[in-house]
Amino acid sequence: PARAGGRRRAMILNLFTPRSDHPLADPRELRRIIGELPPDKPAKVVDEIVGWFESLRLADDLRVDHLFDIVRQLDDALQPQLRRLSRDYLLAPRLSKSEERRLWTLCFSCWEWAALLYADCLARMVAQPRDKGSEALKAQLPLLAARRAGALVAQMRWLEYRYGPLRETLWQQLGEVYLAAEAGGFAQKPLQLYPGLSALTSVAQQYLQAIVLRASSMDKLTPLEIELADRLIAHFLPGFVFSATVRPDSVYWIDAASALPPARLARHPSTVTGTLRFFSPGSAPQQLVEVLHQVERGDMPADLNLGGQYSARQLLPVLRHLATYWAPQPPMRAHARHAVKTRIAVLHGFDDCSAVFSGDAARAGREQDARSWVAENVSLGGFGATLDDAEAEWLKVGCLVAIQPDGGDNWVLGIVRRFVRGPAGHVSVGIQSLAHQARGIELRPRVSGFSAALGAPGIWLGEPAAGGSEAAPVRIVLPVGGFDVRENLEFHLDGQSHLLAPVELEESGGDFEIARFRRL
């Protein structure tokens with residue numbers, strides 16, 4: 001009789017309690033939909049969940065704690081698929097531009113919708129603090145705020161993969177979440193952001209990670225290196241010092257109530273407010289140097305979670321980059337810049353560059369296909385240039401380029417070292433000069449005293465060997481996979497034969513390698 005009376009009361013209550021007609025409001029239907037997502041089709045899963053996210057923004061009749069629970073479960077189901085798509089985006093060797101753009105848009109929009117829904121939950125709790133749903137959700141408020149902060153930081157990371165520009169609204173929103181969590185007393189509360197993650201985080205750590213990511217000059221790294229840098233930042237984050245008071249070793253400051261990104265303390269804030277925060281590298285640089293030395297010796301730290309298996313060759317440039325930008329003193333320019341305004345012709349890729357410096361029959365045709373950029377500044381170390389965003393589809397940090405100033409007849413070999421998308425559809429590019437007198441050569445392996453019949457193209461960087469010293473290293477640009485530490489090489493130049501022994505691989509790019517040799 002008691003159970004029957006309970007059922008009657010529940011039926012009567014349901015007559016007067018409005019229920020959402022959204023399909024996911026039924027817990028059984030939600031479990032069914034999540035259970036039927038195809039695990040072997042990550043793009044389809046992400047696209048379907050984004051569709052559910054869009055529909056949930058219109059479900060005003062869902063109680064806020066129910067809304068959060070639905071979004072949380074969809075978000076949990078999303079994470080393994082997002083990780084797979086991220087690996088495809090970062091590691092697939094030959095993605096077409098359309099496929100690359102599709103993957104980027106899919107992943108970015110997913111984080112964007114998740115952040116919007118978590119923001120809706122927070123806004124409804126603030127607007128209706130005494131609502132039953134708000135009361136029920138209070139216990140999960142730290143997780144809700146951390147999920148929102150994490151989704152905003154993920155958007156920043158994906159914008160960094162495309163070299164920005166970062167939206168000012170992201171800094172504003174991230175600062176709001178942090179300040180609200182601080183006012184609520186749970187900004188530092190450690191929690192597990194997603195099931196299966198062993199590392200704990202907090203709202204304050206998410207905010208600090210975004211600041212350190214911004215301060216570490218991601219525009220000089222490739223997308224994969226940005227991912228590795230983000231993982232390394234998370235690993236070393238406990239060593240950084242983040243506080244409301246300035247310290248003697250503070251390097252950066254940020255106003256959490258502002259839409260402005262963090263700035264170096266070389267430029268002090270114009271007004272002092274209670275929302276100013278300061279951070280310094282603390283013990284992180286020393287810890288990073290220890291890991292750097294370990295990796296140089298061939299030892300990978302067991303507790304370093306990089307989200308996959310990476311070689312020392314892939315990791316070392318990122319460790320060295322972070323060591324430079326986490327130092328107390330920022331890196332200084334090696335050469336003074338001089339403002340100019342001139343057109344430059346640009347060819348890219350190993351094949352075009354090799355043809356240009358070889359002077360072969362294909363050279364004339366290659367030069368006709370050169371793109372036209374505007375050089376804004378020049379120094380002994382390279383060029384700064386601008387171009388339209390539409391012209392930059394093929395550009396990446398680490399891309400090999402050949403440059404010819406307007407009116408000149410000489411070509412300069414360089415590498416794209418910096419790439420920044422501006423807000424007005426323009427791209428700013430920094431190019432390091434590799435050689436002003438590069439020469440195209442044909443390399444042949446030297447086997448048992450005999451030169452092989454078949455050769456491979458190369459580009460000899462003449463400057464390091466200037467002065468005639470036999471001990472001076474010889475630096476040569478090779479096609480990707482062309483360097484073999486066990487193989488001597490031979491080439492002929494200006495009537496002389498040169499026999500070289502491999503020393504080390506200096507740098508790898510998408511379609512080229514730069515190696516050092518010694519003369520035999």
# chains A, B, ... in the order shown; residues from 1 in each chain; ligands from 1
$ residues_around --residues "His426 (chain A)" --least-positions-apart "6" --cutoff "12 Å" --atoms "only C-alpha atoms" --output "CSV table (one decimal) with all heavy atoms, in the first residue's frame"
chain,number,residue,atom,x,y,z
A,163,TYR,N,47.9,29.6,-35.7
A,163,TYR,CA,48.7,30.8,-35.5
A,163,TYR,C,47.8,32.0,-35.3
A,163,TYR,O,48.1,33.1,-35.7
A,163,TYR,CB,49.7,31.0,-36.6
A,163,TYR,CG,50.6,29.8,-36.8
A,163,TYR,CD1,50.4,28.9,-37.8
A,163,TYR,CD2,51.6,29.5,-35.8
A,163,TYR,CE1,51.2,27.8,-38.0
A,163,TYR,CE2,52.4,28.4,-35.9
A,163,TYR,CZ,52.2,27.5,-37.0
A,163,TYR,OH,53.0,26.4,-37.2
A,164,GLY,N,46.6,31.8,-34.6
A,164,GLY,CA,45.8,32.9,-34.2
A,164,GLY,C,45.0,33.5,-35.3
A,164,GLY,O,44.8,33.0,-36.4
A,165,PRO,N,44.5,34.8,-35.1
A,165,PRO,CA,44.7,35.5,-33.8
A,165,PRO,C,43.8,35.0,-32.7
A,165,PRO,O,42.7,34.5,-33.0
A,165,PRO,CB,44.2,37.0,-34.2
A,165,PRO,CG,43.3,36.7,-35.3
A,165,PRO,CD,43.7,35.5,-36.1
A,373,TRP,N,55.3,38.8,-52.1
A,373,TRP,CA,55.0,39.3,-50.7
A,373,TRP,C,55.6,40.7,-50.6
A,373,TRP,O,56.3,41.2,-51.4
A,373,TRP,CB,55.7,38.4,-49.7
A,373,TRP,CG,55.2,37.0,-49.6
A,373,TRP,CD1,54.2,36.4,-50.4
A,373,TRP,CD2,55.7,36.0,-48.7
A,373,TRP,NE1,54.0,35.1,-50.0
A,373,TRP,CE2,54.9,34.8,-49.0
A,373,TRP,CE3,56.7,35.9,-47.8
A,373,TRP,CZ2,55.1,33.6,-48.3
A,373,TRP,CZ3,56.9,34.7,-47.1
A,373,TRP,CH2,56.1,33.6,-47.4
A,374,VAL,N,55.2,41.3,-49.5
A,374,VAL,CA,55.7,42.6,-49.1
A,374,VAL,C,56.7,42.5,-47.9
A,374,VAL,O,56.2,42.1,-46.8
A,374,VAL,CB,54.6,43.7,-48.8
A,374,VAL,CG1,55.2,45.0,-48.4
A,374,VAL,CG2,53.7,43.8,-50.0
A,385,ALA,N,57.8,39.8,-43.3
A,385,ALA,CA,57.0,40.1,-44.4
A,385,ALA,C,55.5,40.0,-44.1
A,385,ALA,O,55.1,39.3,-43.1
A,385,ALA,CB,57.3,39.2,-45.6
A,386,THR,N,54.6,40.6,-44.9
A,386,THR,CA,53.2,40.4,-44.7
A,386,THR,C,52.6,39.9,-46.0
A,386,THR,O,53.1,40.2,-47.1
A,386,THR,CB,52.5,41.7,-44.4
A,386,THR,OG1,52.8,42.7,-45.4
A,386,THR,CG2,53.0,42.2,-43.0
A,387,LEU,N,51.5,39.2,-45.9
A,387,LEU,CA,50.8,38.7,-47.1
A,387,LEU,C,49.3,38.5,-46.7
A,387,LEU,O,49.0,38.5,-45.5
A,387,LEU,CB,51.4,37.4,-47.6
A,387,LEU,CG,51.4,36.2,-46.7
A,387,LEU,CD1,51.4,34.9,-47.4
A,387,LEU,CD2,52.7,36.3,-45.9
A,388,ASP,N,48.5,38.3,-47.7
A,388,ASP,CA,47.0,38.1,-47.4
A,388,ASP,C,46.9,36.7,-46.9
A,388,ASP,O,47.6,35.7,-47.3
A,388,ASP,CB,46.2,38.3,-48.7
A,388,ASP,CG,46.2,39.7,-49.1
A,388,ASP,OD1,46.3,40.6,-48.3
A,388,ASP,OD2,46.0,40.0,-50.3
A,389,ASP,N,45.8,36.5,-46.1
A,389,ASP,CA,45.6,35.2,-45.5
A,389,ASP,C,45.3,34.1,-46.6
A,389,ASP,O,45.7,33.0,-46.4
A,389,ASP,CB,44.3,35.3,-44.6
A,389,ASP,CG,44.2,34.1,-43.7
A,389,ASP,OD1,45.2,33.4,-43.5
A,389,ASP,OD2,43.0,33.8,-43.3
A,390,ALA,N,44.7,34.5,-47.7
A,390,ALA,CA,44.4,33.6,-48.7
A,390,ALA,C,45.7,33.0,-49.4
A,390,ALA,O,45.7,31.9,-49.9
A,390,ALA,CB,43.5,34.2,-49.8
A,391,GLU,N,46.8,33.8,-49.3
A,391,GLU,CA,48.0,33.4,-49.9
A,391,GLU,C,48.8,32.5,-49.0
A,391,GLU,O,49.9,32.0,-49.4
A,391,GLU,CB,48.9,34.7,-50.2
A,391,GLU,CG,48.4,35.5,-51.5
A,391,GLU,CD,48.8,34.7,-52.7
A,391,GLU,OE1,50.0,34.3,-52.8
A,391,GLU,OE2,48.0,34.6,-53.6
A,392,ALA,N,48.4,32.4,-47.8
A,392,ALA,CA,49.2,31.7,-46.8
A,392,ALA,C,48.7,30.2,-46.5
A,392,ALA,O,49.1,29.6,-45.5
A,392,ALA,CB,49.1,32.5,-45.4
A,419,PHE,N,54.9,32.8,-37.5
A,419,PHE,CA,53.7,32.8,-38.4
A,419,PHE,C,52.6,33.3,-37.5
A,419,PHE,O,52.3,32.7,-36.5
A,419,PHE,CB,53.4,31.4,-38.9
A,419,PHE,CG,52.3,31.4,-39.9
A,419,PHE,CD1,52.5,31.1,-41.2
A,419,PHE,CD2,51.0,31.6,-39.5
A,419,PHE,CE1,51.5,31.0,-42.2
A,419,PHE,CE2,49.9,31.5,-40.4
A,419,PHE,CZ,50.2,31.2,-41.8
A,420,VAL,N,52.0,34.5,-37.8
A,420,VAL,CA,51.0,35.1,-37.0
A,420,VAL,C,49.9,35.6,-37.9
A,420,VAL,O,50.1,36.4,-38.8
A,420,VAL,CB,51.5,36.3,-36.1
A,420,VAL,CG1,50.4,36.8,-35.3
A,420,VAL,CG2,52.6,35.8,-35.2
$ residues_around --residues "Ala181 (chain A)" --least-positions-apart "4" --cutoff "12 Å" --atoms "only C-alpha atoms" --output "ChimeraX atom specification"
/A:122,141-146,148-149,174-177,185-189,202-207,256
$ residues_around --residues "Asp88 (chain A)" --least-positions-apart "5" --cutoff "10 Å" --atoms "only C-alpha atoms" --output "ChimeraX atom specification"
/A:82-83,93,95,100,103
$ write_last_selection --atoms "C-alpha atoms" --output "compact mmCIF listing (two decimals), in the first residue's frame"
# COMPACT_ATOMS: atom_id res chain seq x y z
CA LEU A 82 38.54 14.29 -30.10
CA ARG A 83 41.91 12.81 -29.18
CA PRO A 93 51.66 13.16 -43.16
CA LEU A 95 46.40 15.84 -45.31
CA GLU A 100 42.96 19.80 -42.63
CA LEU A 103 39.27 18.56 -39.01
$ residues_around --residues "Leu237 (chain A)" --least-positions-apart "4" --cutoff "10 Å" --atoms "only C-alpha atoms" --output "ChimeraX atom specification"
/A:205-206,208-209,212,231-233,241,281-284
$ select_by_dssp --residues "region 115-258 of chain A" --states "strand (DSSP E or B)" --output "list in words"
Leu191, Thr201, Val241, Phe242, Ser243, Tyr252, Trp253, Ile254 and Asp255 of chain A
$ select_by_dssp --residues "region 237-475 of chain A" --states "alpha helix (DSSP H)" --output "ChimeraX atom specification"
/A:284-296,312-325,350-358,363-368
$ write_last_selection --atoms "N, CA and C atoms" --output "CSV table (one decimal), in the first residue's frame"
chain,number,residue,atom,x,y,z
A,284,ALA,N,60.2,26.0,-12.5
A,284,ALA,CA,59.9,25.3,-13.7
A,284,ALA,C,61.1,25.3,-14.7
A,285,PRO,N,61.9,26.4,-14.8
A,285,PRO,CA,63.0,26.4,-15.7
A,285,PRO,C,64.1,25.4,-15.3
A,286,GLN,N,64.3,25.3,-14.0
A,286,GLN,CA,65.3,24.3,-13.5
A,286,GLN,C,64.9,22.9,-13.8
A,287,GLN,N,63.6,22.6,-13.5
A,287,GLN,CA,63.0,21.3,-13.8
A,287,GLN,C,63.1,20.9,-15.3
A,288,LEU,N,62.8,21.9,-16.1
A,288,LEU,CA,62.8,21.7,-17.5
A,288,LEU,C,64.2,21.4,-18.0
A,289,VAL,N,65.2,22.1,-17.5
A,289,VAL,CA,66.6,21.9,-17.9
A,289,VAL,C,67.1,20.4,-17.5
A,290,GLU,N,66.6,20.0,-16.4
A,290,GLU,CA,66.9,18.6,-16.0
A,290,GLU,C,66.3,17.6,-17.0
A,291,VAL,N,65.1,17.8,-17.4
A,291,VAL,CA,64.5,16.9,-18.3
A,291,VAL,C,65.2,17.0,-19.7
A,292,LEU,N,65.6,18.2,-20.1
A,292,LEU,CA,66.3,18.5,-21.3
A,292,LEU,C,67.6,17.6,-21.4
A,293,HIS,N,68.3,17.7,-20.3
A,293,HIS,CA,69.6,16.9,-20.2
A,293,HIS,C,69.3,15.4,-20.3
A,294,GLN,N,68.2,15.0,-19.6
A,294,GLN,CA,67.8,13.5,-19.7
A,294,GLN,C,67.6,13.1,-21.1
A,295,VAL,N,66.8,13.9,-21.8
A,295,VAL,CA,66.4,13.6,-23.2
A,295,VAL,C,67.6,13.6,-24.1
A,296,GLU,N,68.5,14.6,-23.9
A,296,GLU,CA,69.7,14.6,-24.7
A,296,GLU,C,70.6,13.4,-24.5
A,312,ALA,N,63.3,11.7,-29.3
A,312,ALA,CA,64.0,12.8,-28.8
A,312,ALA,C,64.2,13.9,-29.8
A,313,ARG,N,64.3,13.5,-31.1
A,313,ARG,CA,64.5,14.4,-32.2
A,313,ARG,C,63.3,15.4,-32.2
A,314,GLN,N,62.1,14.8,-32.0
A,314,GLN,CA,60.9,15.7,-32.0
A,314,GLN,C,60.7,16.5,-30.7
A,315,LEU,N,61.2,16.0,-29.6
A,315,LEU,CA,61.0,16.7,-28.3
A,315,LEU,C,62.0,17.7,-28.0
A,316,LEU,N,63.3,17.5,-28.4
A,316,LEU,CA,64.4,18.4,-28.0
A,316,LEU,C,64.2,19.8,-28.5
A,317,PRO,N,63.7,20.1,-29.8
A,317,PRO,CA,63.5,21.5,-30.2
A,317,PRO,C,62.5,22.2,-29.3
A,318,VAL,N,61.5,21.5,-28.9
A,318,VAL,CA,60.4,22.1,-28.0
A,318,VAL,C,61.0,22.4,-26.6
A,319,LEU,N,61.7,21.5,-26.1
A,319,LEU,CA,62.3,21.7,-24.7
A,319,LEU,C,63.3,22.9,-24.8
A,320,ARG,N,64.1,23.0,-25.8
A,320,ARG,CA,65.0,24.1,-26.0
A,320,ARG,C,64.3,25.5,-26.2
A,321,HIS,N,63.2,25.4,-26.9
A,321,HIS,CA,62.4,26.6,-27.2
A,321,HIS,C,61.8,27.1,-25.8
A,322,LEU,N,61.2,26.2,-25.1
A,322,LEU,CA,60.6,26.6,-23.8
A,322,LEU,C,61.7,27.1,-22.8
A,323,ALA,N,62.8,26.5,-22.8
A,323,ALA,CA,63.9,26.9,-21.9
A,323,ALA,C,64.3,28.3,-22.3
A,324,THR,N,64.3,28.7,-23.5
A,324,THR,CA,64.6,30.1,-23.9
A,324,THR,C,63.6,31.1,-23.4
A,325,TYR,N,62.3,30.7,-23.6
A,325,TYR,CA,61.3,31.7,-23.3
A,325,TYR,C,60.8,31.7,-21.8
A,350,PHE,N,61.4,22.1,-50.9
A,350,PHE,CA,62.7,21.7,-51.3
A,350,PHE,C,62.9,21.6,-52.8
A,351,ASP,N,62.0,21.1,-53.5
A,351,ASP,CA,62.1,20.9,-55.0
A,351,ASP,C,62.3,22.3,-55.7
A,352,ASP,N,61.5,23.3,-55.4
A,352,ASP,CA,61.6,24.6,-56.0
A,352,ASP,C,62.9,25.2,-55.6
A,353,CYS,N,63.2,25.2,-54.3
A,353,CYS,CA,64.5,25.8,-53.8
A,353,CYS,C,65.7,25.2,-54.5
A,354,SER,N,65.7,23.9,-54.6
A,354,SER,CA,66.8,23.1,-55.2
A,354,SER,C,67.0,23.5,-56.6
A,355,ALA,N,65.9,23.6,-57.3
A,355,ALA,CA,65.9,24.0,-58.8
A,355,ALA,C,66.5,25.4,-58.9
A,356,VAL,N,66.0,26.4,-58.1
A,356,VAL,CA,66.5,27.8,-58.2
A,356,VAL,C,68.0,27.9,-58.0
A,357,PHE,N,68.5,27.1,-57.0
A,357,PHE,CA,70.0,27.3,-56.7
A,357,PHE,C,70.8,26.4,-57.6
A,358,SER,N,70.2,25.5,-58.3
A,358,SER,CA,71.0,24.6,-59.2
A,358,SER,C,71.2,25.3,-60.6
A,363,ARG,N,64.7,26.0,-63.9
A,363,ARG,CA,64.7,27.2,-63.0
A,363,ARG,C,63.8,28.3,-63.5
A,364,ALA,N,63.9,28.6,-64.8
A,364,ALA,CA,63.1,29.7,-65.4
A,364,ALA,C,61.6,29.5,-65.1
A,365,GLY,N,61.2,28.2,-65.3
A,365,GLY,CA,59.8,27.9,-65.1
A,365,GLY,C,59.4,28.1,-63.7
A,366,ARG,N,60.3,27.7,-62.8
A,366,ARG,CA,60.0,27.8,-61.3
A,366,ARG,C,59.9,29.3,-60.9
A,367,GLU,N,60.8,30.1,-61.4
A,367,GLU,CA,60.8,31.5,-61.0
A,367,GLU,C,59.5,32.2,-61.5
A,368,GLN,N,58.9,31.8,-62.6
A,368,GLN,CA,57.7,32.4,-63.1
A,368,GLN,C,56.5,32.1,-62.1
$ residues_around --residues "Ser109 (chain A)" --least-positions-apart "4" --cutoff "9 Å" --atoms "only C-alpha atoms" --output "ChimeraX atom specification"
/A:50,104-105,113-114,155
$ write_last_selection --atoms "N, CA and C atoms" --output "PDB file, in the first residue's frame"
ATOM      1  N   VAL A  50      28.076  17.494 -31.637  1.00  0.00           N
ATOM      2  CA  VAL A  50      27.953  18.940 -31.857  1.00  0.00           C
ATOM      3  C   VAL A  50      26.504  19.287 -32.194  1.00  0.00           C
ATOM      4  N   TRP A 104      40.045  20.773 -38.401  1.00  0.00           N
ATOM      5  CA  TRP A 104      40.222  21.899 -37.476  1.00  0.00           C
ATOM      6  C   TRP A 104      38.859  22.476 -37.081  1.00  0.00           C
ATOM      7  N   THR A 105      38.010  22.702 -38.062  1.00  0.00           N
ATOM      8  CA  THR A 105      36.694  23.300 -37.796  1.00  0.00           C
ATOM      9  C   THR A 105      35.856  22.401 -36.904  1.00  0.00           C
ATOM     10  N   TRP A 113      31.107  24.893 -28.628  1.00  0.00           N
ATOM     11  CA  TRP A 113      29.752  24.592 -28.148  1.00  0.00           C
ATOM     12  C   TRP A 113      29.762  24.120 -26.700  1.00  0.00           C
ATOM     13  N   ALA A 114      30.748  23.308 -26.345  1.00  0.00           N
ATOM     14  CA  ALA A 114      30.832  22.844 -24.950  1.00  0.00           C
ATOM     15  C   ALA A 114      31.009  24.029 -24.005  1.00  0.00           C
ATOM     16  N   GLN A 155      40.106  25.908 -26.913  1.00  0.00           N
ATOM     17  CA  GLN A 155      39.909  26.799 -28.074  1.00  0.00           C
ATOM     18  C   GLN A 155      41.173  27.596 -28.358  1.00  0.00           C
TER      19      GLN A 155
END
$ residues_around --residues "region 127-133 of chain A" --least-positions-apart "6" --cutoff "7 Å" --atoms "only C-alpha atoms" --output "MDAnalysis selection string"
chainID A and resid 63:65
$ closest_residue --among "A:Arg421, A:Arg475, A:Arg446, A:Lys41" --to "Leu434 (chain A)" --atoms "only C-alpha atoms"
A:Arg475
$ residues_around --residues "Ile403 (chain A)" --least-positions-apart "4" --cutoff "7 Å" --atoms "only C-alpha atoms" --output "ChimeraX atom specification"
/A:344-347,411-413
$ atom_distance --atom1 "CA of Thr275 (chain A)" --atom2 "CA of Asp255 (chain A)"
5.5 Å
$ closest_residue --among "A:Arg297, A:Arg371, A:Lys220, A:Arg516" --to "Lys396 (chain A)" --atoms "only C-alpha atoms"
A:Lys220
$ atom_distance --atom1 "CA of Glu168 (chain A)" --atom2 "CA of Ala215 (chain A)"
15.4 Å
